[in-house]
Amino acid sequence: MNTIYLDNSATTPLSDAARRALQEVADIYGNPSSLHREGLAAEAVLTRARKQVASALGVSNPAPGQLIFTACGTEANNTAILGTAYAKARRDANRIVTTDSEHPSVEQVMKRLEQDGFEVIRIPTRGGVLDREAAMAALNEKTLLVSMMLVNNETGARYELEPIFAEAKRRNPTVITHCDAVQGFLKCRFTARSLGADLISISGHKIHAPKGVGALYVDPALIRSKRIVPYLIGGGQESGLRSGTENMLGIAAFGAAAEDGAAQLERHLSHMSALRDYTIACLREKGFVLNLPQGPCAPHIVNFQLPAIKSETMLHFLSAQGICVSSGSACSSHAKQTSPSLSAFGLTAAQADTSLRISLSPYNTAEEIDTFIETLSRGAGTLVRMRRH
Ligand code: PLP
């Protein structure tokens, strides 16, 4: 049975470009910090990948520290938030402004900071739209950091962060702006400059690179003014901002996947958008209720409700038919609690518990969607009948 993989927000299969890069560098075993020829060969791989990833963020020649490799998006988020909060550059400022639907790798860090005395303001994102007025009102002279996600991993809502980041900077140029762009990277058109974020988190395995590699874009002014301190301390790799010997294979593949994804961005976006529109139309025709954001959306996520069937039950039914979907974000699907993102969206616990997410990649096809819709409808009929008996 062929797999139909519709869970690309959880993780993605390797692209050909990433696989080729892995093979090419498999025998380059040097430590990029070593000064001998094997070290230099590894350093060249690292420099190339850094340029490739930075370029996909619109940065052509990254300065030292401007793009640091991490182990994942989670580490990039932790580094950005804890690194700026604990830099204590402004002793009077302890307010952090975020949203009420962040990924746990941001939300759990916020909880930790609250325990440590920081004030965290969570801006509502009801209906998938960031409350701009509430965000503007939360920006005051005590604001240290504004940390907001670009694309919500469960609903696909694309939050309009640019005016908020710009206003935060206008009111106080020393306010730090961070964007968790893990779900938005190569799914939305943006650059580090257009976004106006000092810090941007991205992750390799969401863009067809292997798991175990991520990156954090860091505005050079932040480094110069020492408004960020390292989170992982040790040998001083990654310009001192992230110690630990680099994951060379993962990084090389990340670079190649980012370069390939950026080169094909327009084609990929139009393919995913068309497929998303098609999926939405098919789901509507079959009578499913869609959890559609009321504002801008990323082109790869569709979230919808099942008729009185727990999403996990349907997930297992589909999986047995070779179709992979999600009943929440992969990380939180282990947690037996109502998805905070879907609650923030405005769903009741019952609606959230019957909600299913599919997430597309540029490699999915309309035929796969047809099979998915047909299997889903069959599953809904069977499972509802079983419930009645
Ligand atoms: N941020 C968002 C919005 C995500 O969707 C994810 C993963 O699902 C992460 C951060 C964490 O990324 P990683 O799995 O690379 O740690």
# chains A, B, ... in the order shown; residues from 1 in each chain; ligands from 1

$ residues_around --residues "region 293-300 of chain A" --least-positions-apart "5" --cutoff "6 Å" --atoms "only C-alpha atoms" --output "short mmCIF file (atom, residue, chain, number, x, y, z; two decimals) with N, CA and C atoms, in the first residue's frame"
data_model
loop_
_atom_site.label_atom_id
_atom_site.label_comp_id
_atom_site.auth_asym_id
_atom_site.auth_seq_id
_atom_site.Cartn_x
_atom_site.Cartn_y
_atom_site.Cartn_z
N GLY A 127 -10.37 33.35 15.63
CA GLY A 127 -10.66 33.24 14.19
C GLY A 127 -9.40 33.24 13.34
N GLY A 128 -8.24 33.07 13.99
CA GLY A 128 -6.99 33.03 13.24
C GLY A 128 -6.47 34.41 12.88
N VAL A 129 -7.03 35.44 13.53
CA VAL A 129 -6.57 36.81 13.23
C VAL A 129 -5.99 37.43 14.50
N GLY A 156 -3.04 27.13 10.26
CA GLY A 156 -2.46 27.70 9.04
C GLY A 156 -2.64 29.21 8.95
N ALA A 157 -3.22 29.83 10.00
CA ALA A 157 -3.40 31.29 9.97
C ALA A 157 -2.04 31.97 9.87
N ARG A 158 -1.96 32.97 9.00
CA ARG A 158 -0.72 33.74 8.83
C ARG A 158 -0.96 35.06 9.54
N MET A 272 0.72 24.44 -3.95
CA MET A 272 0.08 24.15 -2.66
C MET A 272 -1.22 24.93 -2.49
N SER A 273 -1.24 26.19 -2.96
CA SER A 273 -2.48 26.98 -2.84
C SER A 273 -3.61 26.34 -3.63
N SER A 359 -1.82 18.69 6.16
CA SER A 359 -0.83 19.68 5.75
C SER A 359 -0.08 19.17 4.53
N LEU A 360 -0.01 20.05 3.54
CA LEU A 360 0.45 19.67 2.20
C LEU A 360 1.91 20.01 1.98
#

$ residues_around --residues "Ile369 (chain A)" --least-positions-apart "6" --cutoff "12 Å" --atoms "only C-alpha atoms" --output "PDB file with all heavy atoms, in the first residue's frame"
ATOM      1  N   ILE A   4      -0.039   7.904   1.543  1.00  0.00           N
ATOM      2  CA  ILE A   4      -0.389   9.277   1.149  1.00  0.00           C
ATOM      3  C   ILE A   4      -0.080  10.136   2.368  1.00  0.00           C
ATOM      4  O   ILE A   4      -0.740  10.031   3.401  1.00  0.00           O
ATOM      5  CB  ILE A   4      -1.867   9.384   0.725  1.00  0.00           C
ATOM      6  CG1 ILE A   4      -2.090   8.526  -0.532  1.00  0.00           C
ATOM      7  CG2 ILE A   4      -2.256  10.838   0.479  1.00  0.00           C
ATOM      8  CD1 ILE A   4      -3.508   8.553  -1.074  1.00  0.00           C
ATOM      9  N   TYR A   5       0.946  10.932   2.251  1.00  0.00           N
ATOM     10  CA  TYR A   5       1.444  11.666   3.420  1.00  0.00           C
ATOM     11  C   TYR A   5       0.906  13.095   3.412  1.00  0.00           C
ATOM     12  O   TYR A   5       1.298  13.917   2.572  1.00  0.00           O
ATOM     13  CB  TYR A   5       2.982  11.657   3.422  1.00  0.00           C
ATOM     14  CG  TYR A   5       3.552  12.239   4.694  1.00  0.00           C
ATOM     15  CD1 TYR A   5       3.509  11.526   5.885  1.00  0.00           C
ATOM     16  CD2 TYR A   5       4.091  13.517   4.709  1.00  0.00           C
ATOM     17  CE1 TYR A   5       3.990  12.070   7.067  1.00  0.00           C
ATOM     18  CE2 TYR A   5       4.585  14.071   5.872  1.00  0.00           C
ATOM     19  CZ  TYR A   5       4.527  13.341   7.058  1.00  0.00           C
ATOM     20  OH  TYR A   5       5.013  13.884   8.226  1.00  0.00           O
ATOM     21  N   LEU A   6      -0.023  13.366   4.322  1.00  0.00           N
ATOM     22  CA  LEU A   6      -0.637  14.690   4.409  1.00  0.00           C
ATOM     23  C   LEU A   6      -0.398  15.280   5.811  1.00  0.00           C
ATOM     24  O   LEU A   6      -1.299  15.831   6.424  1.00  0.00           O
ATOM     25  CB  LEU A   6      -2.154  14.587   4.122  1.00  0.00           C
ATOM     26  CG  LEU A   6      -2.535  14.025   2.747  1.00  0.00           C
ATOM     27  CD1 LEU A   6      -4.039  13.835   2.635  1.00  0.00           C
ATOM     28  CD2 LEU A   6      -2.041  14.939   1.619  1.00  0.00           C
ATOM     29  N   MET A 272       0.716  24.443  -3.954  1.00  0.00           N
ATOM     30  CA  MET A 272       0.081  24.152  -2.656  1.00  0.00           C
ATOM     31  C   MET A 272      -1.223  24.929  -2.493  1.00  0.00           C
ATOM     32  O   MET A 272      -2.206  24.382  -1.984  1.00  0.00           O
ATOM     33  CB  MET A 272       1.047  24.465  -1.506  1.00  0.00           C
ATOM     34  CG  MET A 272       2.171  23.450  -1.387  1.00  0.00           C
ATOM     35  SD  MET A 272       3.202  23.688   0.078  1.00  0.00           S
ATOM     36  CE  MET A 272       4.105  25.150  -0.347  1.00  0.00           C
ATOM     37  N   ALA A 274      -3.284  25.895  -4.843  1.00  0.00           N
ATOM     38  CA  ALA A 274      -4.332  25.279  -5.685  1.00  0.00           C
ATOM     39  C   ALA A 274      -4.841  23.994  -5.027  1.00  0.00           C
ATOM     40  O   ALA A 274      -6.045  23.725  -4.997  1.00  0.00           O
ATOM     41  CB  ALA A 274      -3.763  24.994  -7.074  1.00  0.00           C
ATOM     42  N   LEU A 275      -3.908  23.247  -4.462  1.00  0.00           N
ATOM     43  CA  LEU A 275      -4.284  21.978  -3.823  1.00  0.00           C
ATOM     44  C   LEU A 275      -5.109  22.238  -2.563  1.00  0.00           C
ATOM     45  O   LEU A 275      -6.065  21.505  -2.257  1.00  0.00           O
ATOM     46  CB  LEU A 275      -2.989  21.236  -3.450  1.00  0.00           C
ATOM     47  CG  LEU A 275      -2.981  19.722  -3.597  1.00  0.00           C
ATOM     48  CD1 LEU A 275      -3.483  19.287  -4.957  1.00  0.00           C
ATOM     49  CD2 LEU A 275      -1.570  19.193  -3.356  1.00  0.00           C
ATOM     50  N   ARG A 276      -4.752  23.289  -1.855  1.00  0.00           N
ATOM     51  CA  ARG A 276      -5.503  23.633  -0.643  1.00  0.00           C
ATOM     52  C   ARG A 276      -6.928  24.059  -1.020  1.00  0.00           C
ATOM     53  O   ARG A 276      -7.897  23.603  -0.422  1.00  0.00           O
ATOM     54  CB  ARG A 276      -4.787  24.769   0.110  1.00  0.00           C
ATOM     55  CG  ARG A 276      -5.482  25.202   1.369  1.00  0.00           C
ATOM     56  CD  ARG A 276      -4.655  26.251   2.120  1.00  0.00           C
ATOM     57  NE  ARG A 276      -5.346  26.708   3.312  1.00  0.00           N
ATOM     58  CZ  ARG A 276      -6.217  27.698   3.329  1.00  0.00           C
ATOM     59  NH1 ARG A 276      -6.507  28.343   2.216  1.00  0.00           N
ATOM     60  NH2 ARG A 276      -6.802  28.055   4.462  1.00  0.00           N
ATOM     61  N   ASP A 277      -7.037  24.901  -2.062  1.00  0.00           N
ATOM     62  CA  ASP A 277      -8.374  25.330  -2.514  1.00  0.00           C
ATOM     63  C   ASP A 277      -9.201  24.115  -2.918  1.00  0.00           C
ATOM     64  O   ASP A 277     -10.390  24.019  -2.602  1.00  0.00           O
ATOM     65  CB  ASP A 277      -8.259  26.281  -3.718  1.00  0.00           C
ATOM     66  CG  ASP A 277      -7.674  27.633  -3.318  1.00  0.00           C
ATOM     67  OD1 ASP A 277      -7.565  27.896  -2.099  1.00  0.00           O
ATOM     68  OD2 ASP A 277      -7.306  28.404  -4.225  1.00  0.00           O
ATOM     69  N   TYR A 278      -8.561  23.195  -3.627  1.00  0.00           N
ATOM     70  CA  TYR A 278      -9.261  21.998  -4.089  1.00  0.00           C
ATOM     71  C   TYR A 278      -9.739  21.160  -2.893  1.00  0.00           C
ATOM     72  O   TYR A 278     -10.888  20.713  -2.837  1.00  0.00           O
ATOM     73  CB  TYR A 278      -8.312  21.189  -4.995  1.00  0.00           C
ATOM     74  CG  TYR A 278      -8.921  19.911  -5.528  1.00  0.00           C
ATOM     75  CD1 TYR A 278     -10.054  19.946  -6.340  1.00  0.00           C
ATOM     76  CD2 TYR A 278      -8.366  18.665  -5.219  1.00  0.00           C
ATOM     77  CE1 TYR A 278     -10.618  18.776  -6.823  1.00  0.00           C
ATOM     78  CE2 TYR A 278      -8.910  17.491  -5.707  1.00  0.00           C
ATOM     79  CZ  TYR A 278     -10.040  17.552  -6.503  1.00  0.00           C
ATOM     80  OH  TYR A 278     -10.601  16.400  -6.973  1.00  0.00           O
ATOM     81  N   THR A 279      -8.860  20.997  -1.902  1.00  0.00           N
ATOM     82  CA  THR A 279      -9.205  20.217  -0.701  1.00  0.00           C
ATOM     83  C   THR A 279     -10.386  20.855   0.017  1.00  0.00           C
ATOM     84  O   THR A 279     -11.341  20.169   0.415  1.00  0.00           O
ATOM     85  CB  THR A 279      -7.989  20.152   0.259  1.00  0.00           C
ATOM     86  OG1 THR A 279      -6.854  19.731  -0.475  1.00  0.00           O
ATOM     87  CG2 THR A 279      -8.230  19.199   1.407  1.00  0.00           C
ATOM     88  N   ILE A 280     -10.322  22.172   0.151  1.00  0.00           N
ATOM     89  CA  ILE A 280     -11.399  22.895   0.854  1.00  0.00           C
ATOM     90  C   ILE A 280     -12.724  22.698   0.109  1.00  0.00           C
ATOM     91  O   ILE A 280     -13.763  22.401   0.716  1.00  0.00           O
ATOM     92  CB  ILE A 280     -11.033  24.392   0.996  1.00  0.00           C
ATOM     93  CG1 ILE A 280      -9.896  24.538   2.016  1.00  0.00           C
ATOM     94  CG2 ILE A 280     -12.234  25.231   1.407  1.00  0.00           C
ATOM     95  CD1 ILE A 280      -9.289  25.926   2.101  1.00  0.00           C
ATOM     96  N   ALA A 281     -12.667  22.827  -1.224  1.00  0.00           N
ATOM     97  CA  ALA A 281     -13.898  22.669  -2.019  1.00  0.00           C
ATOM     98  C   ALA A 281     -14.464  21.258  -1.853  1.00  0.00           C
ATOM     99  O   ALA A 281     -15.677  21.070  -1.669  1.00  0.00           O
ATOM    100  CB  ALA A 281     -13.598  22.972  -3.492  1.00  0.00           C
ATOM    101  N   CYS A 282     -13.593  20.250  -1.873  1.00  0.00           N
ATOM    102  CA  CYS A 282     -14.054  18.852  -1.735  1.00  0.00           C
ATOM    103  C   CYS A 282     -14.660  18.626  -0.352  1.00  0.00           C
ATOM    104  O   CYS A 282     -15.702  17.981  -0.215  1.00  0.00           O
ATOM    105  CB  CYS A 282     -12.893  17.872  -1.928  1.00  0.00           C
ATOM    106  SG  CYS A 282     -12.228  17.849  -3.582  1.00  0.00           S
ATOM    107  N   LEU A 283     -13.996  19.160   0.691  1.00  0.00           N
ATOM    108  CA  LEU A 283     -14.493  18.965   2.060  1.00  0.00           C
ATOM    109  C   LEU A 283     -15.857  19.633   2.225  1.00  0.00           C
ATOM    110  O   LEU A 283     -16.778  19.073   2.822  1.00  0.00           O
ATOM    111  CB  LEU A 283     -13.492  19.528   3.081  1.00  0.00           C
ATOM    112  CG  LEU A 283     -12.208  18.721   3.277  1.00  0.00           C
ATOM    113  CD1 LEU A 283     -11.187  19.521   4.096  1.00  0.00           C
ATOM    114  CD2 LEU A 283     -12.490  17.388   3.980  1.00  0.00           C
ATOM    115  N   VAL A 302      -4.892  22.725   6.162  1.00  0.00           N
ATOM    116  CA  VAL A 302      -6.364  22.763   6.190  1.00  0.00           C
ATOM    117  C   VAL A 302      -6.804  22.053   7.462  1.00  0.00           C
ATOM    118  O   VAL A 302      -6.423  20.910   7.703  1.00  0.00           O
ATOM    119  CB  VAL A 302      -6.991  22.041   4.967  1.00  0.00           C
ATOM    120  CG1 VAL A 302      -8.519  22.134   5.026  1.00  0.00           C
ATOM    121  CG2 VAL A 302      -6.472  22.610   3.657  1.00  0.00           C
ATOM    122  N   ILE A 323      -3.073   6.538   4.913  1.00  0.00           N
ATOM    123  CA  ILE A 323      -3.130   8.005   4.800  1.00  0.00           C
ATOM    124  C   ILE A 323      -2.745   8.640   6.133  1.00  0.00           C
ATOM    125  O   ILE A 323      -3.334   8.341   7.168  1.00  0.00           O
ATOM    126  CB  ILE A 323      -4.550   8.471   4.385  1.00  0.00           C
ATOM    127  CG1 ILE A 323      -4.918   7.832   3.039  1.00  0.00           C
ATOM    128  CG2 ILE A 323      -4.632   9.994   4.297  1.00  0.00           C
ATOM    129  CD1 ILE A 323      -6.340   8.087   2.586  1.00  0.00           C
ATOM    130  N   CYS A 324      -1.735   9.516   6.098  1.00  0.00           N
ATOM    131  CA  CYS A 324      -1.227  10.116   7.338  1.00  0.00           C
ATOM    132  C   CYS A 324      -1.732  11.552   7.473  1.00  0.00           C
ATOM    133  O   CYS A 324      -1.471  12.390   6.595  1.00  0.00           O
ATOM    134  CB  CYS A 324       0.296  10.148   7.322  1.00  0.00           C
ATOM    135  SG  CYS A 324       1.018   8.518   7.148  1.00  0.00           S
ATOM    136  N   VAL A 325      -2.446  11.820   8.561  1.00  0.00           N
ATOM    137  CA  VAL A 325      -2.919  13.169   8.872  1.00  0.00           C
ATOM    138  C   VAL A 325      -2.618  13.431  10.345  1.00  0.00           C
ATOM    139  O   VAL A 325      -2.007  12.586  11.004  1.00  0.00           O
ATOM    140  CB  VAL A 325      -4.444  13.314   8.595  1.00  0.00           C
ATOM    141  CG1 VAL A 325      -4.775  13.031   7.142  1.00  0.00           C
ATOM    142  CG2 VAL A 325      -5.247  12.400   9.528  1.00  0.00           C
ATOM    143  N   ILE A 358      -4.883  18.515   7.918  1.00  0.00           N
ATOM    144  CA  ILE A 358      -4.012  17.969   6.878  1.00  0.00           C
ATOM    145  C   ILE A 358      -3.039  19.085   6.479  1.00  0.00           C
ATOM    146  O   ILE A 358      -3.374  20.273   6.520  1.00  0.00           O
ATOM    147  CB  ILE A 358      -4.760  17.399   5.657  1.00  0.00           C
ATOM    148  CG1 ILE A 358      -5.387  18.508   4.833  1.00  0.00           C
ATOM    149  CG2 ILE A 358      -5.797  16.367   6.043  1.00  0.00           C
ATOM    150  CD1 ILE A 358      -5.607  18.057   3.404  1.00  0.00           C
ATOM    151  N   SER A 359      -1.825  18.685   6.158  1.00  0.00           N
ATOM    152  CA  SER A 359      -0.834  19.685   5.754  1.00  0.00           C
ATOM    153  C   SER A 359      -0.080  19.168   4.532  1.00  0.00           C
ATOM    154  O   SER A 359       0.372  18.025   4.500  1.00  0.00           O
ATOM    155  CB  SER A 359       0.100  20.041   6.915  1.00  0.00           C
ATOM    156  OG  SER A 359       0.542  18.892   7.581  1.00  0.00           O
ATOM    157  N   LEU A 360      -0.012  20.054   3.538  1.00  0.00           N
ATOM    158  CA  LEU A 360       0.447  19.671   2.200  1.00  0.00           C
ATOM    159  C   LEU A 360       1.912  20.008   1.985  1.00  0.00           C
ATOM    160  O   LEU A 360       2.478  20.850   2.689  1.00  0.00           O
ATOM    161  CB  LEU A 360      -0.384  20.439   1.170  1.00  0.00           C
ATOM    162  CG  LEU A 360      -1.902  20.303   1.326  1.00  0.00           C
ATOM    163  CD1 LEU A 360      -2.621  21.394   0.540  1.00  0.00           C
ATOM    164  CD2 LEU A 360      -2.335  18.914   0.855  1.00  0.00           C
ATOM    165  N   SER A 361       2.488  19.374   0.987  1.00  0.00           N
ATOM    166  CA  SER A 361       3.823  19.757   0.530  1.00  0.00           C
ATOM    167  C   SER A 361       3.735  19.985  -0.978  1.00  0.00           C
ATOM    168  O   SER A 361       2.725  19.629  -1.597  1.00  0.00           O
ATOM    169  CB  SER A 361       4.841  18.644   0.828  1.00  0.00           C
ATOM    170  OG  SER A 361       4.871  17.718  -0.242  1.00  0.00           O
ATOM    171  N   TYR A 363       4.905  18.322  -3.081  1.00  0.00           N
ATOM    172  CA  TYR A 363       4.961  17.018  -3.767  1.00  0.00           C
ATOM    173  C   TYR A 363       3.637  16.256  -3.702  1.00  0.00           C
ATOM    174  O   TYR A 363       3.519  15.178  -4.275  1.00  0.00           O
ATOM    175  CB  TYR A 363       6.112  16.182  -3.185  1.00  0.00           C
ATOM    176  CG  TYR A 363       7.412  16.968  -3.194  1.00  0.00           C
ATOM    177  CD1 TYR A 363       7.982  17.427  -2.011  1.00  0.00           C
ATOM    178  CD2 TYR A 363       8.016  17.319  -4.397  1.00  0.00           C
ATOM    179  CE1 TYR A 363       9.137  18.192  -2.015  1.00  0.00           C
ATOM    180  CE2 TYR A 363       9.178  18.087  -4.416  1.00  0.00           C
ATOM    181  CZ  TYR A 363       9.730  18.520  -3.218  1.00  0.00           C
ATOM    182  OH  TYR A 363      10.871  19.290  -3.247  1.00  0.00           O
ATOM    183  N   THR A 375     -11.703   8.245   1.077  1.00  0.00           N
ATOM    184  CA  THR A 375     -11.486   7.398   2.262  1.00  0.00           C
ATOM    185  C   THR A 375     -12.076   8.061   3.506  1.00  0.00           C
ATOM    186  O   THR A 375     -12.686   7.397   4.353  1.00  0.00           O
ATOM    187  CB  THR A 375      -9.971   7.150   2.469  1.00  0.00           C
ATOM    188  OG1 THR A 375      -9.390   6.830   1.214  1.00  0.00           O
ATOM    189  CG2 THR A 375      -9.716   6.017   3.446  1.00  0.00           C
ATOM    190  N   LEU A 376     -11.898   9.366   3.600  1.00  0.00           N
ATOM    191  CA  LEU A 376     -12.437  10.112   4.741  1.00  0.00           C
ATOM    192  C   LEU A 376     -13.964   9.984   4.801  1.00  0.00           C
ATOM    193  O   LEU A 376     -14.538   9.712   5.864  1.00  0.00           O
ATOM    194  CB  LEU A 376     -12.039  11.588   4.591  1.00  0.00           C
ATOM    195  CG  LEU A 376     -12.560  12.569   5.629  1.00  0.00           C
ATOM    196  CD1 LEU A 376     -11.759  12.444   6.926  1.00  0.00           C
ATOM    197  CD2 LEU A 376     -12.461  14.011   5.120  1.00  0.00           C
TER     198      LEU A 376
END

$ closest_residue --among "A:Asn78, A:Ser33, A:Thr99, A:Asn152" --to "ligand 1" --atoms "only C-alpha atoms and all ligand atoms"
A:Asn152

$ closest_residue --among "A:Val25, A:Ala49, A:Val213, A:Val120" --to "Thr74 (chain A)" --atoms "only C-alpha atoms"
A:Val213

$ closest_atom_pairs --of "chain A" --to "ligand 1" --cutoff "6 Å" --atoms "only C-alpha atoms and all ligand atoms" --output "Markdown table"
| residue | atom | partner | partner_atom_place_in_ligand_line | distance |
| --- | --- | --- | --- | --- |
| A:Ala10 | CA | ligand 1 | 8 (O) | 5.3 |
| A:Cys72 | CA | ligand 1 | 15 (O) | 3.8 |
| A:Gly73 | CA | ligand 1 | 15 (O) | 3.6 |
| A:Thr74 | CA | ligand 1 | 16 (O) | 3.7 |
| A:His103 | CA | ligand 1 | 3 (C) | 5.1 |
| A:Ser105 | CA | ligand 1 | 10 (C) | 5.9 |
| A:Asn152 | CA | ligand 1 | 3 (C) | 5.9 |
| A:Asn153 | CA | ligand 1 | 5 (O) | 4.6 |
| A:Asp180 | CA | ligand 1 | 1 (N) | 5.8 |
| A:Val182 | CA | ligand 1 | 2 (C) | 4.9 |
| A:Gln183 | CA | ligand 1 | 3 (C) | 5.1 |
| A:Ser203 | CA | ligand 1 | 15 (O) | 4.7 |

$ write_last_selection --atoms "C-alpha atoms" --output "mmCIF file, in the first residue's frame"
data_model
loop_
_atom_site.group_PDB
_atom_site.id
_atom_site.type_symbol
_atom_site.label_atom_id
_atom_site.label_comp_id
_atom_site.auth_asym_id
_atom_site.auth_seq_id
_atom_site.Cartn_x
_atom_site.Cartn_y
_atom_site.Cartn_z
ATOM 1 C CA ALA A 10 4.706 17.655 11.540
ATOM 2 C CA CYS A 72 15.823 22.287 15.822
ATOM 3 C CA GLY A 73 13.182 24.991 15.753
ATOM 4 C CA THR A 74 12.549 24.420 19.464
ATOM 5 C CA HIS A 103 3.801 26.474 19.693
ATOM 6 C CA SER A 105 8.434 25.642 22.299
ATOM 7 C CA ASN A 152 0.007 28.834 13.251
ATOM 8 C CA ASN A 153 0.909 25.162 13.000
ATOM 9 C CA ASP A 180 8.819 31.769 15.170
ATOM 10 C CA VAL A 182 9.035 27.482 11.542
ATOM 11 C CA GLN A 183 5.714 26.975 9.711
ATOM 12 C CA SER A 203 13.611 24.359 11.213
#

$ closest_residue --among "A:Glu246, A:Asp198, A:Glu312, A:Glu259" --to "Ile228 (chain A)" --atoms "only C-alpha atoms"
A:Asp198

$ select_by_dssp --residues "region 134-343 of chain A" --states "alpha helix (DSSP H)" --output "JSON list (two decimals) with C-alpha atoms, in the first residue's frame"
[["chain", "number", "residue", "atom", "x", "y", "z"],
["A", 134, "ALA", "CA", -4.62, 44.61, 21.62],
["A", 135, "ALA", "CA", -1.05, 44.10, 20.40],
["A", 136, "MET", "CA", -0.49, 47.83, 19.90],
["A", 137, "ALA", "CA", -1.97, 48.54, 23.34],
["A", 138, "ALA", "CA", 0.40, 46.03, 24.96],
["A", 162, "GLU", "CA", 4.90, 43.35, 10.25],
["A", 163, "PRO", "CA", 2.91, 46.37, 11.50],
["A", 164, "ILE", "CA", 3.28, 45.20, 15.10],
["A", 165, "PHE", "CA", 7.04, 44.68, 14.87],
["A", 166, "ALA", "CA", 7.40, 48.04, 13.09],
["A", 167, "GLU", "CA", 5.31, 49.86, 15.70],
["A", 168, "ALA", "CA", 7.22, 48.22, 18.56],
["A", 169, "LYS", "CA", 10.48, 49.46, 17.04],
["A", 170, "ARG", "CA", 9.05, 52.89, 16.30],
["A", 171, "ARG", "CA", 8.03, 53.35, 19.92],
["A", 192, "ALA", "CA", 14.25, 39.03, 7.40],
["A", 193, "ARG", "CA", 13.98, 42.68, 6.33],
["A", 194, "SER", "CA", 10.32, 42.59, 5.23],
["A", 195, "LEU", "CA", 9.31, 40.89, 8.47],
["A", 220, "PRO", "CA", 23.87, 41.89, 13.87],
["A", 221, "ALA", "CA", 22.91, 44.98, 15.93],
["A", 222, "LEU", "CA", 21.62, 42.66, 18.64],
["A", 223, "ILE", "CA", 24.99, 40.95, 18.89],
["A", 224, "ARG", "CA", 26.90, 44.24, 18.84],
["A", 248, "MET", "CA", 27.39, 18.82, 9.56],
["A", 249, "LEU", "CA", 25.29, 16.38, 7.52],
["A", 250, "GLY", "CA", 22.04, 17.93, 8.66],
["A", 251, "ILE", "CA", 23.32, 21.44, 8.04],
["A", 252, "ALA", "CA", 24.55, 20.64, 4.52],
["A", 253, "ALA", "CA", 21.17, 19.11, 3.67],
["A", 254, "PHE", "CA", 19.34, 22.05, 5.28],
["A", 255, "GLY", "CA", 21.33, 24.44, 3.09],
["A", 256, "ALA", "CA", 20.52, 22.48, -0.06],
["A", 257, "ALA", "CA", 16.82, 22.13, 0.85],
["A", 258, "ALA", "CA", 16.55, 25.86, 1.60],
["A", 259, "GLU", "CA", 18.26, 26.81, -1.68],
["A", 260, "ASP", "CA", 16.06, 24.44, -3.65],
["A", 261, "GLY", "CA", 12.88, 25.57, -1.85],
["A", 262, "ALA", "CA", 13.72, 29.24, -2.40],
["A", 263, "ALA", "CA", 14.48, 28.70, -6.11],
["A", 265, "LEU", "CA", 9.13, 29.13, -4.14],
["A", 266, "GLU", "CA", 6.61, 30.60, -6.58],
["A", 267, "ARG", "CA", 5.92, 27.26, -8.25],
["A", 268, "HIS", "CA", 5.58, 25.52, -4.87],
["A", 269, "LEU", "CA", 3.30, 28.20, -3.44],
["A", 270, "SER", "CA", 0.96, 28.16, -6.39],
["A", 271, "HIS", "CA", 0.84, 24.34, -6.39],
["A", 272, "MET", "CA", 0.08, 24.15, -2.66],
["A", 273, "SER", "CA", -2.48, 26.98, -2.84],
["A", 274, "ALA", "CA", -4.33, 25.28, -5.68],
["A", 275, "LEU", "CA", -4.28, 21.98, -3.82],
["A", 276, "ARG", "CA", -5.50, 23.63, -0.64],
["A", 277, "ASP", "CA", -8.37, 25.33, -2.51],
["A", 278, "TYR", "CA", -9.26, 22.00, -4.09],
["A", 279, "THR", "CA", -9.20, 20.22, -0.70],
["A", 280, "ILE", "CA", -11.40, 22.89, 0.85],
["A", 281, "ALA", "CA", -13.90, 22.67, -2.02],
["A", 282, "CYS", "CA", -14.05, 18.85, -1.73],
["A", 283, "LEU", "CA", -14.49, 18.96, 2.06],
["A", 284, "ARG", "CA", -17.28, 21.56, 1.72],
["A", 285, "GLU", "CA", -19.04, 19.48, -0.91],
["A", 311, "SER", "CA", -10.16, 13.05, 15.43],
["A", 312, "GLU", "CA", -7.86, 10.40, 16.86],
["A", 313, "THR", "CA", -10.31, 7.64, 15.88],
["A", 314, "MET", "CA", -10.38, 8.94, 12.32],
["A", 315, "LEU", "CA", -6.61, 9.37, 12.30],
["A", 316, "HIS", "CA", -6.20, 5.65, 13.07],
["A", 317, "PHE", "CA", -8.80, 4.68, 10.46],
["A", 318, "LEU", "CA", -7.00, 6.73, 7.80],
["A", 319, "SER", "CA", -3.61, 5.45, 8.89],
["A", 320, "ALA", "CA", -4.81, 1.86, 8.42],
["A", 340, "PRO", "CA", -4.60, 25.63, 23.05],
["A", 341, "SER", "CA", -4.31, 26.85, 19.44],
["A", 342, "LEU", "CA", -7.78, 25.61, 18.56],
["A", 343, "SER", "CA", -9.24, 27.00, 21.80]]

$ closest_residue --among "A:Pro32, A:Pro307, A:Gly346, A:Gly184" --to "Arg126 (chain A)" --atoms "only C-alpha atoms"
A:Gly346

$ residues_around --residues "region 108-111 of chain A" --least-positions-apart "4" --cutoff "10 Å" --atoms "only C-alpha atoms" --output "JSON, numbers by chain"
{"A": [77, 78, 81, 82, 96, 97, 98, 102, 103, 104, 115, 116, 118, 119, 120, 121, 122, 147]}

$ atom_distance --atom1 "CA of Val106 (chain A)" --atom2 "CA of Arg132 (chain A)"
19.8 Å

$ closest_residue --among "A:Glu43, A:Glu114, A:Glu75, A:Asp353" --to "Arg242 (chain A)" --atoms "only C-alpha atoms"
A:Glu75

$ atom_distance --atom1 "CA of Val229 (chain A)" --atom2 "CA of Lys88 (chain A)"
9.1 Å

$ atom_distance --atom1 "CA of Asn94 (chain A)" --atom2 "CA of Glu160 (chain A)"
24.1 Å

$ closest_residue --among "A:Pro13, A:Gly381, A:Pro64, A:Gly58" --to "Val218 (chain A)" --atoms "only C-alpha atoms"
A:Pro64
